[in-house]
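model.cif follows; it contains mmCIF, C-alpha atoms.
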data_data
#
loop_
_atom_site.label_atom_id
_atom_site.label_comp_id
_atom_site.auth_asym_id
_atom_site.auth_seq_id
_atom_site.Cartn_x
_atom_site.Cartn_y
_atom_site.Cartn_z
CA MET M 20 0.00 0.00 0.00
CA ASN M 21 1.32 3.44 -0.99
CA LYS M 22 1.64 5.67 2.08
CA LYS M 23 3.52 8.58 0.53
CA VAL M 24 1.63 11.77 -0.22
CA LEU M 25 2.32 15.16 -1.75
CA VAL M 26 0.65 18.46 -0.90
CA LEU M 27 0.91 22.02 -2.21
CA MET M 28 1.49 24.38 0.72
CA SER M 29 0.61 28.02 0.12
CA GLY M 30 0.86 29.39 3.64
CA GLY M 31 -2.91 29.48 4.07
CA VAL M 32 -5.02 27.61 6.60
CA ASP M 33 -6.41 24.94 4.25
CA SER M 34 -3.08 23.71 2.90
CA SER M 35 -1.51 24.03 6.35
CA LEU M 36 -4.18 21.83 7.95
CA THR M 37 -4.00 19.32 5.10
CA ALA M 38 -0.25 18.94 5.50
CA VAL M 39 -0.44 18.61 9.29
CA LEU M 40 -3.23 16.01 9.13
CA ALA M 41 -1.25 14.01 6.59
CA ALA M 42 1.87 14.12 8.77
CA LYS M 43 -0.08 12.97 11.83
CA ALA M 44 -1.85 10.19 9.93
CA LEU M 45 1.04 8.84 7.89
CA GLY M 46 4.13 10.12 9.65
CA ALA M 47 6.01 13.21 8.52
CA LYS M 48 8.58 11.11 6.66
CA ASN M 49 5.83 10.09 4.22
CA VAL M 50 4.70 13.64 3.44
CA THR M 51 6.32 16.05 1.01
CA ALA M 52 5.16 19.63 0.54
CA LEU M 53 5.79 21.61 -2.62
CA LEU M 54 5.98 25.38 -2.28
CA MET M 55 5.31 26.93 -5.68
CA PRO M 56 5.41 30.72 -5.43
CA GLU M 57 5.35 33.10 -8.36
CA HIS M 58 8.05 35.72 -7.88
CA GLY M 59 6.51 39.16 -8.17
CA LEU M 60 3.02 37.96 -7.19
CA THR M 61 3.18 35.56 -4.23
CA HIS M 62 3.71 37.43 -0.97
CA PRO M 63 7.02 36.34 0.64
CA LYS M 64 5.26 36.10 4.03
CA ASN M 65 3.09 33.27 2.71
CA VAL M 66 6.14 31.32 1.56
CA LYS M 67 7.78 31.90 4.93
CA ASP M 68 4.66 30.79 6.83
CA ALA M 69 4.45 27.58 4.78
CA ALA M 70 8.13 26.80 5.29
CA GLU M 71 8.01 27.49 9.02
CA LEU M 72 4.93 25.34 9.56
CA ALA M 73 6.44 22.49 7.57
CA LYS M 74 9.59 22.72 9.67
CA LYS M 75 7.57 22.71 12.90
CA PHE M 76 5.87 19.45 11.91
CA LYS M 77 9.02 17.98 10.30
CA ILE M 78 7.52 17.92 6.79
CA ARG M 79 10.03 17.89 3.92
CA THR M 80 9.62 20.79 1.50
CA LEU M 81 10.72 21.54 -2.03
CA THR M 82 10.39 25.07 -3.43
CA ILE M 83 9.74 25.47 -7.17
CA PRO M 84 8.99 29.01 -8.43
CA ILE M 85 6.57 28.77 -11.37
CA ASN M 86 7.71 31.88 -13.29
CA ARG M 87 9.74 29.96 -15.88
CA TYR M 88 6.79 27.69 -16.64
CA LEU M 89 4.46 30.64 -17.12
CA ALA M 90 6.77 32.58 -19.43
CA PRO M 91 6.33 30.52 -22.65
CA PHE M 92 2.56 31.07 -22.63
CA ALA M 93 3.10 34.78 -23.26
CA ASN M 94 4.32 33.92 -26.78
CA ASN M 95 1.42 31.78 -27.98
CA GLY M 96 -0.05 34.46 -30.24
CA TRP M 97 -3.30 35.19 -28.43
CA ARG M 98 -4.32 37.62 -25.71
CA GLN M 99 -4.73 36.04 -22.29
CA PRO M 100 -7.36 37.73 -20.09
CA LYS M 101 -6.97 37.75 -16.32
CA LEU M 102 -9.03 34.58 -15.81
CA ALA M 103 -6.95 32.61 -18.31
CA LYS M 104 -3.74 33.67 -16.59
CA ALA M 105 -5.17 32.86 -13.16
CA ASN M 106 -6.27 29.36 -14.16
CA LEU M 107 -2.95 28.79 -15.91
CA ARG M 108 -1.14 29.32 -12.61
CA ALA M 109 -3.29 26.72 -10.88
CA ARG M 110 -2.87 24.22 -13.73
CA ILE M 111 0.89 24.61 -13.91
CA ARG M 112 1.05 23.84 -10.20
CA ALA M 113 -1.10 20.74 -10.75
CA MET M 114 1.17 19.62 -13.58
CA LEU M 115 4.24 19.95 -11.36
CA LEU M 116 2.52 18.15 -8.48
CA TYR M 117 1.64 15.19 -10.66
CA ASN M 118 5.03 15.07 -12.32
CA TYR M 119 6.64 14.85 -8.88
CA ALA M 120 4.03 12.35 -7.65
CA ASN M 121 4.48 10.07 -10.65
CA SER M 122 8.26 10.29 -10.29
CA ASN M 123 8.23 9.47 -6.58
CA ASN M 124 5.30 7.03 -6.29
CA CYS M 125 3.04 9.16 -4.13
CA LEU M 126 -0.53 10.48 -4.13
CA VAL M 127 -1.52 14.12 -4.53
CA ILE M 128 -3.76 15.28 -1.70
CA GLY M 129 -5.97 18.30 -2.23
CA THR M 130 -6.57 21.28 0.02
CA SER M 131 -10.15 22.24 -0.87
CA ASN M 132 -12.69 22.37 1.95
CA LYS M 133 -16.37 21.40 1.85
CA THR M 134 -17.50 25.01 1.38
CA GLU M 135 -15.39 25.43 -1.76
CA LEU M 136 -16.37 22.05 -3.17
CA ARG M 137 -20.09 22.69 -2.60
CA LEU M 138 -19.82 26.08 -4.34
CA GLY M 139 -17.64 24.75 -7.16
CA TYR M 140 -14.92 27.20 -6.18
CA PHE M 141 -11.83 25.58 -7.64
CA THR M 142 -9.97 25.40 -10.95
CA LYS M 143 -10.69 22.36 -13.11
CA TYR M 144 -7.46 20.46 -13.74
CA GLY M 145 -5.82 22.87 -11.29
CA ASP M 146 -6.43 22.70 -7.54
CA GLY M 147 -9.35 20.41 -8.42
CA ALA M 148 -6.94 17.82 -9.83
CA VAL M 149 -6.14 15.62 -6.82
CA ASP M 150 -6.28 12.01 -5.69
CA LEU M 151 -8.10 12.65 -2.41
CA GLU M 152 -9.56 15.57 -0.45
CA PRO M 153 -8.95 15.23 3.32
CA LEU M 154 -10.86 18.46 4.04
CA GLY M 155 -13.77 17.57 1.77
CA THR M 156 -16.17 17.02 4.67
CA LEU M 157 -15.12 20.12 6.63
CA TYR M 158 -16.72 23.52 6.17
CA LYS M 159 -14.37 26.49 6.30
CA CYS M 160 -15.38 27.21 9.90
CA ASP M 161 -14.50 23.60 10.80
CA VAL M 162 -11.13 23.94 9.10
CA ARG M 163 -10.28 26.98 11.18
CA SER M 164 -11.37 25.30 14.42
CA MET M 165 -9.39 22.14 13.73
CA ALA M 166 -6.34 24.15 12.67
CA ARG M 167 -6.29 26.01 15.98
CA PHE M 168 -6.74 22.73 17.88
CA LEU M 169 -3.73 21.21 16.11
CA GLY M 170 -1.47 24.15 16.88
CA ILE M 171 -1.43 26.00 13.57
CA PRO M 172 -0.58 29.64 14.40
CA ASP M 173 -3.40 32.18 14.62
CA HIS M 174 -1.78 34.44 12.03
CA VAL M 175 -2.12 31.59 9.50
CA VAL M 176 -5.67 30.65 10.55
CA ASP M 177 -6.87 34.27 10.43
CA LYS M 178 -5.32 35.22 7.08
CA THR M 179 -7.54 36.68 4.38
CA PRO M 180 -8.15 33.63 2.15
CA THR M 181 -6.51 33.97 -1.26
CA ALA M 182 -5.04 31.67 -3.87
CA GLU M 183 -2.90 34.62 -5.10
CA LEU M 184 -3.79 33.83 -8.70
CA PHE M 185 -3.72 37.53 -9.56
CA ARG M 186 -2.85 40.74 -7.75
CA GLY M 187 -5.44 41.74 -5.16
CA GLN M 188 -7.32 38.43 -5.45
CA SER M 189 -9.45 37.40 -2.49
CA ASP M 190 -11.59 34.26 -2.24
CA GLU M 191 -14.44 36.09 -0.53
CA LEU M 192 -14.46 38.92 -3.09
CA GLU M 193 -14.68 36.38 -5.90
CA LEU M 194 -17.40 34.39 -4.14
CA GLY M 195 -19.35 37.54 -3.34
CA MET M 196 -19.80 36.53 0.29
CA LYS M 197 -17.80 35.73 3.41
CA TYR M 198 -16.98 32.11 4.16
CA ASP M 199 -18.90 32.35 7.44
CA ASP M 200 -22.06 33.37 5.56
CA ALA M 201 -21.53 30.67 2.94
CA ASP M 202 -21.14 28.06 5.68
CA ILE M 203 -24.41 29.09 7.34
CA LEU M 204 -26.25 28.97 4.02
CA LEU M 205 -24.82 25.59 3.00
CA MET M 206 -25.51 24.07 6.41
CA LYS M 207 -29.16 25.17 6.19
CA ILE M 208 -29.47 23.67 2.71
CA GLU M 209 -27.90 20.43 3.88
CA LYS M 210 -30.24 20.28 6.88
CA ASN M 211 -33.30 20.92 4.73
CA VAL M 212 -32.29 18.26 2.20
CA PHE M 213 -31.69 15.75 5.01
CA GLN M 214 -35.11 16.50 6.52
CA PHE M 215 -36.79 16.18 3.12
CA LEU M 216 -35.18 12.79 2.53
CA ARG M 217 -36.27 11.56 5.93
CA ARG M 218 -39.87 12.60 5.22
CA ALA M 219 -39.71 11.01 1.75
CA GLN M 220 -38.63 7.69 3.25
CA LYS M 221 -41.76 7.64 5.40
CA ILE M 222 -44.13 8.10 2.47
#
Take the structure in the file and write it out as C-alpha cells.
Amino acid sequence: MNKKVLVLMSGGVDSSLTAVLAAKALGAKNVTALLMPEHGLTHPKNVKDAAELAKKFKIRTLTIPINRYLAPFANNGWRQPKLAKANLRARIRAMLLYNYANSNNCLVIGTSNKTELRLGYFTKYGDGAVDLEPLGTLYKCDVRSMARFLGIPDHVVDKTPTAELFRGQSDELELGMKYDDADILLMKIEKNVFQFLRRAQKI
C-alpha cells in the first residue's frame, strides 16, 4: 500500500491543515510539501509561513517558483485575459505536483474544503486535480477550528483567504460573500435536504 503523499502548501489555513493532518496520519517522513510561489506575485510572508509550519511538523519541502513555466505562454499568439492567466497558474502547479508524484510514487492530496467544493470554487485540472480531499467534509469554519486545535498559528488561521492567482485576489471577493455566511447557508441547505429525505422515506 502506498503511504507517501504530496501536498501544495501556500501558507494558508487549508493547505496548512491538510499537511499537518497528513503528517499525523502517515508520519512526517511520508509527506512532502511543494511550495510553488510566483516571484513578483506571491507574498514572501506566505512562503515563509508555509516553510516554518512544515519545519515545525518535520515535513520535507521543495520550493519550485513557477515563473519559468508561465513565461512561454506569453508567446502563444493570443491575448490572455486575467481569468486565463489565473487558471494557468493553478494548472501549472497541478502539472508539477503530478510530475513529482508520478516520479516518486506518491498520491496528490488536495486542500479544498467542503465550502469550496459545494460552491464549485476551484480550478478544473488545477487545484481540483487531486487524488483525495482530506478536508472535503469540513466547512471552512470547521477547518479553522481544527487548525487552531492542532497548533497551527493564529496568524495563519486568520489570514484573508486567497489563492494569489492575480494581484489583489481574495476568495471572498470572488465568491461575493464571506466564508462564514456561505457556511451558514450551505448548512441550512444540507439540513433541509436531510429533513426532506427523511420525510420522503416515510411516504
Expected selection from the PyMOL selection byres ((chain M and resi 119) around 12), given as a PyMOL selection string: chain M and resi 23-27+51-53+81+83+112-118+120-127
Counting only C-alpha atoms, figure out which residue out of M:Ile203, M:Ala73, M:Leu60, M:Ala44 gets nearest to Arg108 in chain M.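 Counting only C-alpha atoms, the residue closest to Arg108 in chain M is M:Leu60.
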Computed gap from CA of Ile128 in chain M to CA of Ile208 in chain M is 27.4 Å
If we count all atoms listed in the file, what is near Lys77 in chain M at a cut-off of 8 Å, once residues fewer than 3 positions away on the same chain are taken out, given as a ChimeraX atom specification? /M:47-48,73-74
Could you tell me which of M:Val50, M:Leu40, M:Ala103, M:Leu72 comes closest to Val176 in chain M if we count all atoms listed in the file?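 With all atoms listed in the file as the atom set, the closest residue is M:Leu72.
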Matched chain/residue IDs from the PyMOL selection byres ((chain M and resi 199) around 12), as a compact mmCIF listing (two decimals) with C-alpha atoms, keeping the file's coordinate frame:
# COMPACT_ATOMS: atom_id res chain seq x y z
CA THR M 134 -17.50 25.01 1.38
CA TYR M 158 -16.72 23.52 6.17
CA LYS M 159 -14.37 26.49 6.30
CA CYS M 160 -15.38 27.21 9.90
CA ASP M 161 -14.50 23.60 10.80
CA VAL M 162 -11.13 23.94 9.10
CA ARG M 163 -10.28 26.98 11.18
CA GLU M 191 -14.44 36.09 -0.53
CA LEU M 194 -17.40 34.39 -4.14
CA GLY M 195 -19.35 37.54 -3.34
CA MET M 196 -19.80 36.53 0.29
CA LYS M 197 -17.80 35.73 3.41
CA TYR M 198 -16.98 32.11 4.16
CA ASP M 200 -22.06 33.37 5.56
CA ALA M 201 -21.53 30.67 2.94
CA ASP M 202 -21.14 28.06 5.68
CA ILE M 203 -24.41 29.09 7.34
CA LEU M 204 -26.25 28.97 4.02
CA LEU M 205 -24.82 25.59 3.00
CA MET M 206 -25.51 24.07 6.41
Atomic distance CA of Ala148 in chain M - CA of Thr61 in chain M, expressed in Å with one decimal: 21.2 Å
To one decimal place, how far is CA of Gly129 in chain M from CA of Leu151 in chain M in Å?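 Distance reported for this atom pair: 6.0 Å.
Proximity to Arg137 in chain M was assessed for M:Ala41, M:Val66, M:Leu157, M:Val149 counting only C-alpha atoms; the smallest distance is recorded for M:Leu157.
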Taking N, CA, C and O atoms as the atom set, what does range 131-154 of chain M look like once completed, written as an mmCIF file, in the frame of the given file?
data_model
loop_
_atom_site.group_PDB
_atom_site.id
_atom_site.type_symbol
_atom_site.label_atom_id
_atom_site.label_comp_id
_atom_site.auth_asym_id
_atom_site.auth_seq_id
_atom_site.Cartn_x
_atom_site.Cartn_y
_atom_site.Cartn_z
ATOM 1 N N SER M 131 -8.845 21.578 -0.816
ATOM 2 C CA SER M 131 -10.150 22.240 -0.870
ATOM 3 C C SER M 131 -11.025 21.781 0.291
ATOM 4 O O SER M 131 -11.034 20.600 0.643
ATOM 5 N N ASN M 132 -11.765 22.710 0.866
ATOM 6 C CA ASN M 132 -12.690 22.370 1.950
ATOM 7 C C ASN M 132 -14.097 22.152 1.393
ATOM 8 O O ASN M 132 -14.357 22.353 0.203
ATOM 9 N N LYS M 133 -15.009 21.725 2.259
ATOM 10 C CA LYS M 133 -16.370 21.400 1.850
ATOM 11 C C LYS M 133 -17.091 22.622 1.279
ATOM 12 O O LYS M 133 -17.862 22.505 0.315
ATOM 13 N N THR M 134 -16.855 23.788 1.863
ATOM 14 C CA THR M 134 -17.500 25.010 1.380
ATOM 15 C C THR M 134 -17.141 25.267 -0.073
ATOM 16 O O THR M 134 -18.008 25.533 -0.914
ATOM 17 N N GLU M 135 -15.854 25.192 -0.384
ATOM 18 C CA GLU M 135 -15.390 25.430 -1.760
ATOM 19 C C GLU M 135 -15.921 24.376 -2.717
ATOM 20 O O GLU M 135 -16.342 24.696 -3.839
ATOM 21 N N LEU M 136 -15.903 23.127 -2.295
ATOM 22 C CA LEU M 136 -16.370 22.050 -3.170
ATOM 23 C C LEU M 136 -17.862 22.183 -3.451
ATOM 24 O O LEU M 136 -18.310 21.980 -4.581
ATOM 25 N N ARG M 137 -18.645 22.533 -2.421
ATOM 26 C CA ARG M 137 -20.090 22.690 -2.600
ATOM 27 C C ARG M 137 -20.404 23.850 -3.559
ATOM 28 O O ARG M 137 -21.365 23.813 -4.316
ATOM 29 N N LEU M 138 -19.590 24.896 -3.497
ATOM 30 C CA LEU M 138 -19.820 26.080 -4.340
ATOM 31 C C LEU M 138 -19.142 25.962 -5.705
ATOM 32 O O LEU M 138 -19.326 26.836 -6.559
ATOM 33 N N GLY M 139 -18.379 24.906 -5.900
ATOM 34 C CA GLY M 139 -17.640 24.750 -7.160
ATOM 35 C C GLY M 139 -16.512 25.744 -7.296
ATOM 36 O O GLY M 139 -16.126 26.106 -8.409
ATOM 37 N N TYR M 140 -15.971 26.174 -6.165
ATOM 38 C CA TYR M 140 -14.920 27.200 -6.180
ATOM 39 C C TYR M 140 -13.540 26.555 -6.220
ATOM 40 O O TYR M 140 -12.874 26.396 -5.199
ATOM 41 N N PHE M 141 -13.153 26.142 -7.400
ATOM 42 C CA PHE M 141 -11.830 25.580 -7.640
ATOM 43 C C PHE M 141 -11.572 25.613 -9.137
ATOM 44 O O PHE M 141 -12.491 25.843 -9.925
ATOM 45 N N THR M 142 -10.334 25.399 -9.531
ATOM 46 C CA THR M 142 -9.970 25.400 -10.950
ATOM 47 C C THR M 142 -9.942 23.968 -11.464
ATOM 48 O O THR M 142 -9.219 23.132 -10.927
ATOM 49 N N LYS M 143 -10.740 23.684 -12.497
ATOM 50 C CA LYS M 143 -10.690 22.360 -13.110
ATOM 51 C C LYS M 143 -9.281 22.082 -13.619
ATOM 52 O O LYS M 143 -8.652 22.941 -14.244
ATOM 53 N N TYR M 144 -8.808 20.878 -13.339
ATOM 54 C CA TYR M 144 -7.460 20.460 -13.740
ATOM 55 C C TYR M 144 -6.375 21.325 -13.097
ATOM 56 O O TYR M 144 -5.226 21.308 -13.499
ATOM 57 N N GLY M 145 -6.781 22.088 -12.062
ATOM 58 C CA GLY M 145 -5.820 22.870 -11.290
ATOM 59 C C GLY M 145 -5.841 22.353 -9.863
ATOM 60 O O GLY M 145 -5.472 21.207 -9.609
ATOM 61 N N ASP M 146 -6.337 23.176 -8.920
ATOM 62 C CA ASP M 146 -6.430 22.700 -7.540
ATOM 63 C C ASP M 146 -7.525 21.647 -7.391
ATOM 64 O O ASP M 146 -7.600 20.962 -6.368
ATOM 65 N N GLY M 147 -8.357 21.480 -8.439
ATOM 66 C CA GLY M 147 -9.350 20.410 -8.420
ATOM 67 C C GLY M 147 -8.808 19.073 -8.873
ATOM 68 O O GLY M 147 -9.485 18.051 -8.785
ATOM 69 N N ALA M 148 -7.570 19.056 -9.352
ATOM 70 C CA ALA M 148 -6.940 17.820 -9.830
ATOM 71 C C ALA M 148 -6.144 17.187 -8.698
ATOM 72 O O ALA M 148 -4.983 17.538 -8.468
ATOM 73 N N VAL M 149 -6.775 16.262 -7.972
ATOM 74 C CA VAL M 149 -6.140 15.620 -6.820
ATOM 75 C C VAL M 149 -6.588 14.168 -6.733
ATOM 76 O O VAL M 149 -7.543 13.764 -7.393
ATOM 77 N N ASP M 150 -5.915 13.409 -5.893
ATOM 78 C CA ASP M 150 -6.280 12.010 -5.690
ATOM 79 C C ASP M 150 -7.245 11.833 -4.527
ATOM 80 O O ASP M 150 -8.050 10.911 -4.520
ATOM 81 N N LEU M 151 -7.164 12.689 -3.526
ATOM 82 C CA LEU M 151 -8.100 12.650 -2.410
ATOM 83 C C LEU M 151 -8.165 14.014 -1.742
ATOM 84 O O LEU M 151 -7.231 14.802 -1.849
ATOM 85 N N GLU M 152 -9.312 14.270 -1.083
ATOM 86 C CA GLU M 152 -9.560 15.570 -0.450
ATOM 87 C C GLU M 152 -9.803 15.376 1.053
ATOM 88 O O GLU M 152 -10.941 15.187 1.488
ATOM 89 N N PRO M 153 -8.773 15.443 1.876
ATOM 90 C CA PRO M 153 -8.950 15.230 3.320
ATOM 91 C C PRO M 153 -9.898 16.227 3.988
ATOM 92 O O PRO M 153 -10.535 15.900 4.983
ATOM 93 N N LEU M 154 -10.003 17.438 3.436
ATOM 94 C CA LEU M 154 -10.860 18.460 4.040
ATOM 95 C C LEU M 154 -12.248 18.510 3.389
ATOM 96 O O LEU M 154 -13.034 19.401 3.681
#
